[in-house]
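Enquirer: Below is the file protein-v9.txt, with compact mmCIF, C-alpha atoms.
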# COMPACT_ATOMS: atom_id res chain seq x y z
CA MET A 1 32.71 23.99 63.29
CA THR A 2 29.73 25.00 61.21
CA GLU A 3 30.17 26.79 57.89
CA VAL A 4 28.16 30.04 58.14
CA LEU A 5 27.23 31.95 54.99
CA PHE A 6 25.85 35.48 55.18
CA TYR A 7 23.69 36.32 52.15
CA HIS A 8 23.20 40.07 51.66
CA LEU A 9 20.01 40.43 49.61
CA GLN A 10 20.04 43.55 47.46
CA ASN A 11 18.44 42.98 44.08
CA ALA A 12 16.16 39.99 44.55
CA PRO A 13 13.79 39.40 47.45
CA LEU A 14 13.98 36.45 49.79
CA GLU A 15 10.97 34.86 48.09
CA ARG A 16 12.97 34.53 44.85
CA VAL A 17 16.31 33.51 46.36
CA LEU A 18 15.31 31.06 49.09
CA PRO A 19 13.56 28.46 46.89
CA ASP A 20 16.64 28.08 44.68
CA LEU A 21 18.91 27.59 47.70
CA LEU A 22 16.50 25.03 49.15
CA GLU A 23 16.44 23.13 45.85
CA ARG A 24 20.25 23.00 45.86
CA SER A 25 20.24 21.72 49.42
CA LEU A 26 17.86 18.89 48.53
CA GLN A 27 19.98 18.03 45.46
CA ARG A 28 22.92 17.54 47.84
CA GLY A 29 20.84 15.12 49.87
CA TRP A 30 20.54 17.57 52.77
CA ARG A 31 17.57 18.19 54.99
CA ALA A 32 16.86 21.84 55.80
CA ILE A 33 15.29 24.04 58.42
CA VAL A 34 14.06 27.51 57.55
CA ARG A 35 13.76 29.53 60.76
CA ALA A 36 11.81 32.76 60.39
CA GLY A 37 11.61 35.66 62.80
CA SER A 38 7.81 35.52 63.16
CA LYS A 39 4.81 33.23 62.68
CA GLU A 40 3.33 35.62 60.12
CA ARG A 41 6.47 35.53 58.01
CA LEU A 42 6.61 31.77 58.34
CA ASP A 43 3.08 31.48 56.96
CA ALA A 44 3.94 33.75 54.03
CA LEU A 45 7.05 31.69 53.19
CA ASN A 46 5.01 28.48 53.42
CA ASN A 47 2.62 29.86 50.79
CA THR A 48 5.51 31.07 48.63
CA LEU A 49 7.16 27.65 48.58
CA TRP A 50 3.93 26.04 47.35
CA THR A 51 3.52 28.47 44.48
CA TYR A 52 6.92 29.93 43.55
CA ARG A 53 7.28 27.95 40.30
CA ASP A 54 4.71 25.90 38.37
CA GLU A 55 7.17 23.23 37.21
CA SER A 56 8.81 22.64 40.57
CA PHE A 57 7.88 21.22 43.96
CA LEU A 58 9.70 21.68 47.24
CA PRO A 59 8.62 19.11 49.83
CA HIS A 60 8.18 21.10 53.02
CA GLY A 61 5.98 21.59 56.03
CA THR A 62 5.61 23.22 59.42
CA LEU A 63 5.36 21.82 62.93
CA GLU A 64 1.57 22.02 62.50
CA ASP A 65 1.60 19.72 59.45
CA GLY A 66 2.53 16.51 61.21
CA PRO A 67 5.66 14.71 62.35
CA PRO A 68 8.56 17.12 61.70
CA GLU A 69 11.04 14.29 61.22
CA LEU A 70 9.25 13.45 57.94
CA GLU A 71 9.80 16.90 56.44
CA PRO A 72 12.85 17.33 54.16
CA ILE A 73 12.37 21.10 54.62
CA LEU A 74 10.89 22.26 57.91
CA LEU A 75 9.64 25.82 58.36
CA THR A 76 9.69 26.99 61.97
CA THR A 77 10.27 29.82 64.40
CA GLU A 78 11.76 27.46 67.00
CA ALA A 79 15.45 26.85 67.73
CA GLU A 80 15.22 23.06 67.49
CA ASN A 81 16.27 20.58 64.81
CA PRO A 82 13.49 17.96 64.87
CA ASN A 83 13.97 16.85 61.24
CA GLY A 84 17.72 16.22 61.58
CA ALA A 85 18.57 19.05 59.17
CA ASN A 86 22.07 19.50 57.77
CA VAL A 87 21.50 23.14 56.87
CA LEU A 88 19.81 25.95 58.77
CA PHE A 89 18.41 28.97 56.92
CA LEU A 90 17.83 32.04 59.09
CA VAL A 91 15.49 34.62 57.57
CA ASP A 92 13.67 37.80 58.55
CA GLY A 93 15.49 38.48 61.78
CA ALA A 94 15.69 34.94 63.15
CA ALA A 95 18.66 34.83 65.52
CA PRO A 96 21.27 32.10 65.01
CA GLY A 97 21.53 30.93 68.59
CA GLU A 98 23.50 27.66 68.64
CA VAL A 99 24.47 26.54 65.12
CA THR A 100 26.81 23.71 66.09
CA GLY A 101 25.35 20.47 64.82
CA TYR A 102 24.54 21.83 61.37
CA GLU A 103 26.94 21.42 58.46
CA ARG A 104 25.93 24.84 57.18
CA CYS A 105 24.03 27.86 58.41
CA VAL A 106 22.80 30.44 55.91
CA LEU A 107 21.85 33.81 57.37
CA MET A 108 19.91 35.88 54.82
CA PHE A 109 19.27 39.56 55.39
CA ASP A 110 17.80 42.49 53.49
CA GLY A 111 20.56 44.93 52.59
CA ARG A 112 18.02 47.76 52.27
CA ASP A 113 17.04 47.44 55.95
CA ALA A 114 19.52 49.22 58.24
CA ASP A 115 18.38 47.23 61.29
CA ALA A 116 18.83 43.92 59.44
CA VAL A 117 22.33 44.95 58.32
CA ALA A 118 23.29 45.95 61.88
CA ALA A 119 21.95 42.66 63.27
CA ALA A 120 23.87 40.69 60.61
CA ARG A 121 27.08 42.48 61.59
CA ASN A 122 26.54 41.53 65.22
CA HIS A 123 25.81 37.91 64.28
CA TRP A 124 28.95 37.86 62.10
CA LYS A 125 31.12 38.95 65.02
CA THR A 126 29.52 36.49 67.44
CA LEU A 127 29.77 33.52 65.08
CA LYS A 128 33.29 34.40 63.93
CA ASP A 129 34.43 34.76 67.56
CA ALA A 130 32.89 31.34 68.29
CA GLY A 131 35.24 29.83 65.69
CA HIS A 132 32.77 29.17 62.90
CA ASP A 133 33.93 29.41 59.27
CA THR A 134 32.10 32.55 58.11
CA THR A 135 31.79 33.92 54.58
CA TYR A 136 29.92 36.93 53.25
CA TRP A 137 28.09 36.88 49.90
CA GLN A 138 26.52 39.88 48.21
CA GLN A 139 24.26 40.08 45.16
CA SER A 140 25.78 41.83 42.16
CA ASP A 141 23.73 44.13 39.95
CA ALA A 142 23.23 41.13 37.65
CA GLY A 143 21.84 39.08 40.55
CA LYS A 144 24.84 36.77 40.86
CA TRP A 145 26.38 35.99 44.24
CA GLU A 146 29.86 37.38 44.82
CA LYS A 147 32.01 36.36 47.75
CA LYS A 148 33.13 39.52 49.54
CA ALA A 149 34.71 38.14 52.72
Translate the structure described by the file into structure tokens.

Expert:
Amino acid sequence: MTEVLFYHLQNAPLERVLPDLLERSLQRGWRAIVRAGSKERLDALNNTLWTYRDESFLPHGTLEDGPPELEPILLTTEAENPNGANVLFLVDGAAPGEVTGYERCVLMFDGRDADAVAAARNHWKTLKDAGHDTTYWQQSDAGKWEKKA
């Protein structure tokens, strides 16, 4: 079964947290998919990943950029895995759908958005009931991740 991590964003926005998690994924030799809930959000994340830090580069692209199988990090709104990703990042309301086939799925949600929290709870129940290994991580006041469940 897939390891599913729920990341409850409280003190830092997605744009600050996601690049670090993507860097760690690449360091492990993993390929990643970032599935966003909308095309507009996808475009904003694409721009963020190009500019988030001057001294760093995250090789990534979208389905519009060329062959997806060449992208170590693929940004998409689709429920496919055309780059053979090991890890799936779900952001901004993207629904998990089928996560089997990934080593890890990371569902990130804004803890200040009641609808996002409610959706994450529903996804937790569905994925847990499906037999996936689920864990819940919350940001501390210092910005560190603490395992809560």

Enquirer: One decimal, Å: what's the distance from CA of Asn46 (chain A) over to CA of Thr62 (chain A), could you say?

Expert: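 Result for CA of Asn46 (chain A) versus CA of Thr62 (chain A): 8.0 Å, one decimal.
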
Enquirer: Compare A:Leu74, A:Leu49, A:Ala85, A:Cys105 by their minimum atom-to-atom distance to Leu18 (chain A), counting all atoms listed in the file, and give me the closest one.

Expert: A:Leu49

Enquirer: Provide the CA of Leu88 (chain A) to CA of Tyr102 (chain A) distance in Å, to one decimal place.

Expert: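 Computing the Euclidean distance for CA of Leu88 (chain A) and CA of Tyr102 (chain A) yields 6.8 Å.
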
Enquirer: Between A:Ala12, A:Ile73, A:Ile33, A:Ala79, which residue has the minimum interatomic distance to Ala95 (chain A), considering only C-alpha atoms?

Expert: A:Ala79

Enquirer: Which residue out of A:Ala94, A:Leu21, A:Val87, A:Ala36 has the minimum interatomic distance to Leu58 (chain A) when all atoms listed in the file are used?

Expert: A:Leu21

Enquirer: Which residue is closest to Asn11 (chain A)? Choose from A:Ala149, A:Ala142, A:Ala32, A:Leu26 and count all atoms listed in the file.

Expert: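 For Asn11 (chain A), the nearest of the candidates is A:Ala142.
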
Enquirer: Kindly give the distance, in Å, that separates CA of Glu15 (chain A) and CA of Thr100 (chain A), rounded to a single decimal.

Expert: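 Computed distance, CA of Glu15 (chain A) to CA of Thr100 (chain A), equals 26.4 Å.
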
Enquirer: With distances taken over only C-alpha atoms, which of A:Asp20, A:Glu64, A:Glu78, A:Glu3 is nearest to Lys128 (chain A)?

Expert: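 Nearest candidate to Lys128 (chain A) out of A:Asp20, A:Glu64, A:Glu78, A:Glu3: A:Glu3.
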
Enquirer: Could you name the residues that touch Leu70 (chain A) at 12 Å or less, counting only C-alpha atoms, but leaving out those on the same chain fewer than 6 positions away, as a PDB file with C-alpha atoms, in the frame of the given file?

Expert:
ATOM      1  CA  ARG A  31      17.570  18.190  54.990  1.00  0.00           C
ATOM      2  CA  ALA A  32      16.860  21.840  55.800  1.00  0.00           C
ATOM      3  CA  PRO A  59       8.620  19.110  49.830  1.00  0.00           C
ATOM      4  CA  HIS A  60       8.180  21.100  53.020  1.00  0.00           C
ATOM      5  CA  GLY A  61       5.980  21.590  56.030  1.00  0.00           C
ATOM      6  CA  THR A  62       5.610  23.220  59.420  1.00  0.00           C
ATOM      7  CA  LEU A  63       5.360  21.820  62.930  1.00  0.00           C
ATOM      8  CA  PRO A  82      13.490  17.960  64.870  1.00  0.00           C
ATOM      9  CA  ASN A  83      13.970  16.850  61.240  1.00  0.00           C
ATOM     10  CA  GLY A  84      17.720  16.220  61.580  1.00  0.00           C
ATOM     11  CA  ALA A  85      18.570  19.050  59.170  1.00  0.00           C
TER      12      ALA A  85
END

Enquirer: Hey, can I get the axis-aligned box for region 23-35 of chain A? All listed atoms, 3 Å padding on each side, centre and edge lengths in Å to one decimal, as AutoDock Vina command-line options.

Expert:
--center_x 18.3 --center_y 22.3 --center_z 53.1 --size_x 15.2 --size_y 20.4 --size_z 21.3

Enquirer: List the spatial neighbours of Trp145 (chain A) as a ChimeraX atom specification - criterion: any atom at most 10 Å away, all atoms listed in the file, same-chain residues fewer than 5 positions off excluded.

Expert: /A:7-9,136-140

Enquirer: Those selected residues, please, written with C-alpha atoms and delivered as a PDB file, in the frame of the given file.

Expert:
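Result file is out.pdb:
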ATOM      1  CA  TYR A   7      23.690  36.320  52.150  1.00  0.00           C
ATOM      2  CA  HIS A   8      23.200  40.070  51.660  1.00  0.00           C
ATOM      3  CA  LEU A   9      20.010  40.430  49.610  1.00  0.00           C
ATOM      4  CA  TYR A 136      29.920  36.930  53.250  1.00  0.00           C
ATOM      5  CA  TRP A 137      28.090  36.880  49.900  1.00  0.00           C
ATOM      6  CA  GLN A 138      26.520  39.880  48.210  1.00  0.00           C
ATOM      7  CA  GLN A 139      24.260  40.080  45.160  1.00  0.00           C
ATOM      8  CA  SER A 140      25.780  41.830  42.160  1.00  0.00           C
TER       9      SER A 140
END

Enquirer: Could you please give me, as a PyMOL selection string, the residues of protein, DNA or RNA lying at most 12 Å from (31.5, 37.3, 62.2) in the coordinate frame of the file, considering only C-alpha atoms?

Expert: chain A and resi 3-6+96+107+118-136+149

Enquirer: Using only C-alpha atoms, which residue out of A:Lys147, A:Val99, A:Gly111, A:Ala116 lies closest to Gln10 (chain A)?

Expert: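 Of A:Lys147, A:Val99, A:Gly111, A:Ala116, the one nearest Gln10 (chain A), counting only C-alpha atoms, is A:Gly111.
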
Enquirer: Would you fill the gaps in region 57-80 of chain A so it has N, CA, C and O atoms, then print it as a short mmCIF file (atom, residue, chain, number, x, y, z; two decimals), in the frame of the given file?

Expert:
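Saved to result06.cif:
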data_model
loop_
_atom_site.label_atom_id
_atom_site.label_comp_id
_atom_site.auth_asym_id
_atom_site.auth_seq_id
_atom_site.Cartn_x
_atom_site.Cartn_y
_atom_site.Cartn_z
N PHE A 57 8.52 21.52 42.68
CA PHE A 57 7.88 21.22 43.96
C PHE A 57 8.95 21.08 45.02
O PHE A 57 9.92 20.35 44.83
N LEU A 58 8.79 21.80 46.10
CA LEU A 58 9.70 21.68 47.24
C LEU A 58 8.95 21.02 48.38
O LEU A 58 8.02 21.61 48.94
N PRO A 59 9.30 19.79 48.73
CA PRO A 59 8.62 19.11 49.83
C PRO A 59 8.96 19.79 51.15
O PRO A 59 10.12 19.83 51.56
N HIS A 60 7.95 20.36 51.78
CA HIS A 60 8.18 21.10 53.02
C HIS A 60 6.92 21.08 53.88
O HIS A 60 5.85 20.71 53.43
N GLY A 61 7.10 21.49 55.12
CA GLY A 61 5.98 21.59 56.03
C GLY A 61 6.37 22.36 57.27
O GLY A 61 7.52 22.77 57.44
N THR A 62 5.40 22.53 58.15
CA THR A 62 5.61 23.22 59.42
C THR A 62 5.36 22.23 60.56
O THR A 62 4.93 21.09 60.33
N LEU A 63 5.62 22.67 61.77
CA LEU A 63 5.36 21.82 62.93
C LEU A 63 3.88 21.46 63.04
O LEU A 63 3.53 20.44 63.61
N GLU A 64 3.01 22.26 62.47
CA GLU A 64 1.57 22.02 62.50
C GLU A 64 1.12 20.97 61.49
O GLU A 64 0.01 20.47 61.57
N ASP A 65 1.99 20.62 60.54
CA ASP A 65 1.60 19.72 59.45
C ASP A 65 1.76 18.24 59.77
O ASP A 65 1.38 17.40 58.96
N GLY A 66 2.33 17.91 60.89
CA GLY A 66 2.53 16.51 61.21
C GLY A 66 3.91 16.27 61.76
O GLY A 66 4.61 17.21 62.13
N PRO A 67 4.35 15.02 61.77
CA PRO A 67 5.66 14.71 62.35
C PRO A 67 6.79 15.46 61.64
O PRO A 67 7.02 15.26 60.45
N PRO A 68 7.51 16.31 62.35
CA PRO A 68 8.56 17.12 61.70
C PRO A 68 9.70 16.29 61.14
O PRO A 68 10.34 16.70 60.17
N GLU A 69 9.94 15.11 61.71
CA GLU A 69 11.04 14.29 61.22
C GLU A 69 10.80 13.77 59.81
O GLU A 69 11.72 13.30 59.14
N LEU A 70 9.57 13.88 59.31
CA LEU A 70 9.25 13.45 57.94
C LEU A 70 9.45 14.55 56.91
O LEU A 70 9.39 14.29 55.71
N GLU A 71 9.70 15.77 57.35
CA GLU A 71 9.80 16.90 56.44
C GLU A 71 11.25 17.11 55.97
O GLU A 71 12.12 17.39 56.79
N PRO A 72 11.52 17.02 54.67
CA PRO A 72 12.85 17.33 54.16
C PRO A 72 13.22 18.80 54.39
O PRO A 72 14.37 19.14 54.60
N ILE A 73 12.20 19.67 54.33
CA ILE A 73 12.37 21.10 54.62
C ILE A 73 11.33 21.45 55.67
O ILE A 73 10.13 21.32 55.43
N LEU A 74 11.80 21.89 56.82
CA LEU A 74 10.89 22.26 57.91
C LEU A 74 10.94 23.76 58.11
O LEU A 74 12.01 24.35 58.27
N LEU A 75 9.76 24.39 58.10
CA LEU A 75 9.64 25.82 58.36
C LEU A 75 9.23 25.99 59.81
O LEU A 75 8.26 25.38 60.27
N THR A 76 9.95 26.84 60.55
CA THR A 76 9.69 26.99 61.97
C THR A 76 10.16 28.34 62.48
O THR A 76 10.89 29.05 61.79
N THR A 77 9.74 28.67 63.68
CA THR A 77 10.27 29.82 64.40
C THR A 77 11.07 29.34 65.62
O THR A 77 11.64 30.15 66.33
N GLU A 78 11.11 28.05 65.83
CA GLU A 78 11.76 27.46 67.00
C GLU A 78 13.24 27.18 66.74
O GLU A 78 13.66 26.99 65.61
N ALA A 79 14.01 27.07 67.82
CA ALA A 79 15.45 26.85 67.73
C ALA A 79 15.82 25.37 67.87
O ALA A 79 16.89 25.05 68.36
N GLU A 80 14.97 24.50 67.42
CA GLU A 80 15.22 23.06 67.49
C GLU A 80 15.53 22.51 66.11
O GLU A 80 15.34 23.19 65.11
#
